[in-house]
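Engineer: Next up, entry.txt (compact mmCIF, C-alpha atoms and all ligand atoms).
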```txt
# COMPACT_ATOMS: atom_id res chain seq x y z
CA MET A 1 50.89 23.12 30.32
CA THR A 2 48.16 23.98 32.79
CA SER A 3 45.14 25.36 30.98
CA ILE A 4 42.29 27.44 32.40
CA LEU A 5 38.92 28.22 30.83
CA VAL A 6 37.56 31.65 31.74
CA LEU A 7 33.87 31.55 30.96
CA ASN A 8 31.61 34.61 31.03
CA GLY A 9 27.84 34.46 31.06
CA PRO A 10 24.96 36.71 30.03
CA ASN A 11 25.30 40.46 29.52
CA LEU A 12 29.02 40.49 30.22
CA ASN A 13 29.61 41.26 26.53
CA LEU A 14 28.19 44.71 27.38
CA MET A 15 30.79 45.51 30.01
CA GLY A 16 32.11 49.02 29.76
CA VAL A 17 28.68 50.21 28.56
CA ARG A 18 26.40 48.44 31.02
CA GLN A 19 25.90 50.19 34.41
CA PRO A 20 29.48 51.54 34.59
CA GLU A 21 28.77 52.75 38.14
CA VAL A 22 28.49 49.07 39.14
CA TYR A 23 30.73 47.27 36.67
CA GLY A 24 33.28 49.93 35.74
CA HIS A 25 34.47 51.17 32.35
CA THR A 26 36.69 48.25 31.44
CA THR A 27 35.39 46.21 28.50
CA LEU A 28 35.41 42.43 28.28
CA SER A 29 38.04 42.71 25.52
CA ASP A 30 40.24 44.74 27.91
CA ILE A 31 39.84 42.00 30.52
CA GLU A 32 40.62 39.30 27.99
CA ALA A 33 43.84 41.16 27.03
CA MET A 34 44.80 41.45 30.74
CA CYS A 35 44.15 37.73 31.24
CA ARG A 36 46.11 36.76 28.13
CA ALA A 37 49.13 38.83 29.22
CA HIS A 38 48.95 37.30 32.70
CA ALA A 39 48.62 33.77 31.32
CA THR A 40 51.62 34.25 29.02
CA ALA A 41 53.72 35.64 31.88
CA HIS A 42 52.89 32.60 34.01
CA ASP A 43 53.08 29.96 31.30
CA LEU A 44 49.38 29.17 31.48
CA GLY A 45 47.11 28.01 28.67
CA LEU A 46 43.98 30.15 28.49
CA ALA A 47 40.62 30.06 26.75
CA PHE A 48 38.50 33.17 27.30
CA GLU A 49 34.85 33.05 26.21
CA GLN A 50 31.50 34.73 26.68
CA ASN A 51 28.01 33.52 25.87
CA ASN A 52 24.52 34.76 26.71
CA HIS A 53 22.86 31.33 26.53
CA GLU A 54 22.62 28.92 29.44
CA GLY A 55 22.71 25.78 27.25
CA VAL A 56 25.80 26.97 25.38
CA LEU A 57 27.56 27.65 28.70
CA ILE A 58 26.64 24.13 29.83
CA ASP A 59 28.02 22.64 26.59
CA ARG A 60 31.20 24.66 27.05
CA ILE A 61 31.65 23.34 30.60
CA HIS A 62 31.18 19.75 29.41
CA ALA A 63 33.70 20.28 26.59
CA ALA A 64 36.27 21.63 29.07
CA ARG A 65 36.72 18.09 30.40
CA GLY A 66 39.97 16.77 29.04
CA THR A 67 40.89 20.14 27.49
CA HIS A 68 41.29 22.41 30.50
CA ASP A 69 42.40 21.86 34.10
CA GLY A 70 40.12 24.38 35.78
CA ILE A 71 37.28 26.81 35.11
CA VAL A 72 36.88 30.43 36.22
CA LEU A 73 33.20 31.20 35.82
CA ASN A 74 31.45 34.54 35.92
CA ALA A 75 27.99 33.17 35.27
CA GLY A 76 26.34 36.60 35.63
CA ALA A 77 22.70 36.32 36.67
CA TYR A 78 22.69 32.55 36.02
CA THR A 79 24.76 32.29 39.21
CA HIS A 80 21.62 33.03 41.18
CA THR A 81 19.18 30.90 39.18
CA SER A 82 20.83 28.00 37.39
CA VAL A 83 20.81 24.57 38.99
CA ALA A 84 21.70 23.30 35.49
CA LEU A 85 25.02 25.19 35.47
CA MET A 86 25.77 23.89 38.96
CA ASP A 87 25.09 20.33 37.74
CA ALA A 88 27.27 20.89 34.66
CA LEU A 89 30.21 21.89 36.86
CA SER A 90 29.70 18.84 39.10
CA SER A 91 29.46 16.60 36.02
CA ALA A 92 32.61 18.02 34.41
CA GLY A 93 34.50 17.29 37.61
CA LEU A 94 36.93 20.19 37.08
CA PRO A 95 37.75 22.64 39.84
CA ALA A 96 35.83 25.90 39.40
CA ILE A 97 36.10 29.38 40.86
CA GLU A 98 33.01 31.59 40.96
CA LEU A 99 33.83 35.13 39.97
CA HIS A 100 31.96 38.45 39.99
CA LEU A 101 33.08 41.97 39.20
CA SER A 102 30.76 43.46 41.81
CA ASN A 103 30.41 42.54 45.47
CA VAL A 104 27.15 40.62 45.06
CA HIS A 105 26.71 40.46 48.86
CA ALA A 106 26.48 44.24 49.08
CA ARG A 107 23.71 44.28 46.45
CA GLU A 108 20.10 43.05 46.18
CA GLU A 109 19.16 40.02 48.24
CA PHE A 110 18.52 37.82 45.18
CA ARG A 111 22.22 38.18 44.33
CA HIS A 112 23.21 36.69 47.70
CA VAL A 113 22.05 33.27 46.49
CA SER A 114 24.57 31.25 44.47
CA HIS A 115 24.12 27.78 43.04
CA ILE A 116 27.66 27.91 41.62
CA ALA A 117 29.31 28.48 45.02
CA LYS A 118 28.01 25.12 46.22
CA VAL A 119 30.29 23.31 43.79
CA ALA A 120 33.13 25.86 43.52
CA VAL A 121 36.55 25.72 45.14
CA GLY A 122 36.02 29.35 46.14
CA VAL A 123 34.41 32.66 45.27
CA ILE A 124 36.00 35.99 44.29
CA CYS A 125 33.80 39.08 44.07
CA GLY A 126 33.98 42.84 44.40
CA PHE A 127 37.40 43.52 42.86
CA GLY A 128 36.21 44.53 39.40
CA ALA A 129 38.38 43.56 36.44
CA GLN A 130 41.28 42.76 38.79
CA GLY A 131 39.20 39.85 40.08
CA TYR A 132 39.95 37.95 36.85
CA ILE A 133 43.68 38.08 37.59
CA LEU A 134 43.06 37.11 41.21
CA ALA A 135 40.97 34.16 39.99
CA LEU A 136 43.67 33.00 37.55
CA ASP A 137 46.26 33.12 40.35
CA ALA A 138 43.91 31.35 42.75
CA MET A 139 43.22 28.59 40.22
CA ARG A 140 46.93 28.24 39.42
CA GLY A 141 47.70 27.92 43.15
CA HIS A 142 44.89 25.44 43.63
CA LEU A 143 46.02 23.24 40.74
CA GLU A 144 49.67 23.40 41.87
CA SER A 145 48.80 22.44 45.44
CA ARG A 146 46.88 19.42 44.14
CA GLY A 147 49.95 18.35 42.17
C1 LIG B 1 27.87 39.77 38.04
C2 LIG B 1 26.89 39.87 39.22
C3 LIG B 1 25.54 39.27 38.86
O1 LIG B 1 24.65 39.39 39.94
C4 LIG B 1 24.94 40.00 37.66
O2 LIG B 1 23.74 39.42 37.29
C5 LIG B 1 25.89 40.08 36.53
C6 LIG B 1 27.29 40.40 36.79
C7 LIG B 1 29.21 40.46 38.35
O3 LIG B 1 30.18 40.17 37.67
O4 LIG B 1 29.28 41.33 39.24
O5 LIG B 1 25.51 39.94 35.36
O6 LIG B 1 28.14 38.39 37.81
```
Show me this structure written as structure tokens.
Ligand code: DQA

Structural biologist:
Amino acid sequence: MTSILVLNGPNLNLMGVRQPEVYGHTTLSDIEAMCRAHATAHDLGLAFEQNNHEGVLIDRIHAARGTHDGIVLNAGAYTHTSVALMDALSSAGLPAIELHLSNVHAREEFRHVSHIAKVAVGVICGFGAQGYILALDAMRGHLESRG
């Protein structure tokens, strides 16, 4: 069974409370439930995790090798700063999709920079919670097309 790791970075545990005008009212638990229902409906294995620590996220990406087929990563602010996360994705050798709730390109200039995009199959941003479902479908399609 195809298995996807959805990995969420710093501050995303506060979704629903944190700047709802930017990130909406949906909580990360709501999103996890949406993803789980979608994965079940499409016969996908799913791990859904969040961590605020860069090193833990790196360890999680390394451990995904051999366990999961692809990674959907909302790295939060680490997207814009972390060469180490970029290197972890390259080292794991699994296809990755960069994901954001907000349209980072319509926001501050420092959010226009992404280290993750350089090693990602593609980027999804600006669709709020629905972006997670789009990312699961995009990863499923990508893995299927690779055979
Ligand atoms: C975010 C966008 C990042 O710029 C920000 O630091 C976040 C959330 C998003 O999902 O829109 O923490 O990744």

Engineer: Within 8 Å of ligand LIG 1 (chain B), counting only C-alpha atoms and all ligand atoms, which protein or nucleic acid residues do you find, written as a list in words?

Structural biologist: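 If we count only C-alpha atoms and all ligand atoms, the neighbours of ligand LIG 1 (chain B) turn out to be Gly9, Pro10, Asn11, Leu12, Val22, Tyr23, Asn74, Ala75, Gly76, Ala77, Tyr78, Thr79, His80, Leu99, His100, Leu101, Ser102, Asn103, Val104, Arg111, Cys125, Gly126 and Gly128 of chain A.
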
Engineer: Which one is closest to Gly45 (chain A): A:Ala84, A:Val6, A:Ile97, A:Val119? Count only C-alpha atoms.

Structural biologist: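 Between A:Ala84, A:Val6, A:Ile97, A:Val119, the residue approaching Gly45 (chain A) most closely is A:Val6.
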
Engineer: Return the single residue from A:Ala63, A:Ala37, A:Leu73, A:Val56 that is closest to Asn8 (chain A), with distances computed using all atoms listed in the file.

Structural biologist: A:Leu73

Engineer: Record the distance separating CA of Arg140 (chain A) and CA of Thr40 (chain A), expressed in Å with one decimal.

Structural biologist: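 Taking CA of Arg140 (chain A) as the start and CA of Thr40 (chain A) as the end point, the length is 12.9 Å.
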
Engineer: Please determine, counting all atoms listed in the file, which residue among A:Glu21, A:Asp69, A:Leu46, A:Leu28 has the shortest atom-to-atom distance to Gly147 (chain A).

Structural biologist: A:Asp69

Engineer: Check the smallest atom-to-atom distance from each of A:His112, A:His38, A:His25, A:His62 to Asp137 (chain A) using all atoms listed in the file, then report the winner.

Structural biologist: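 That would be A:His38, the residue with the smallest distance to Asp137 (chain A).
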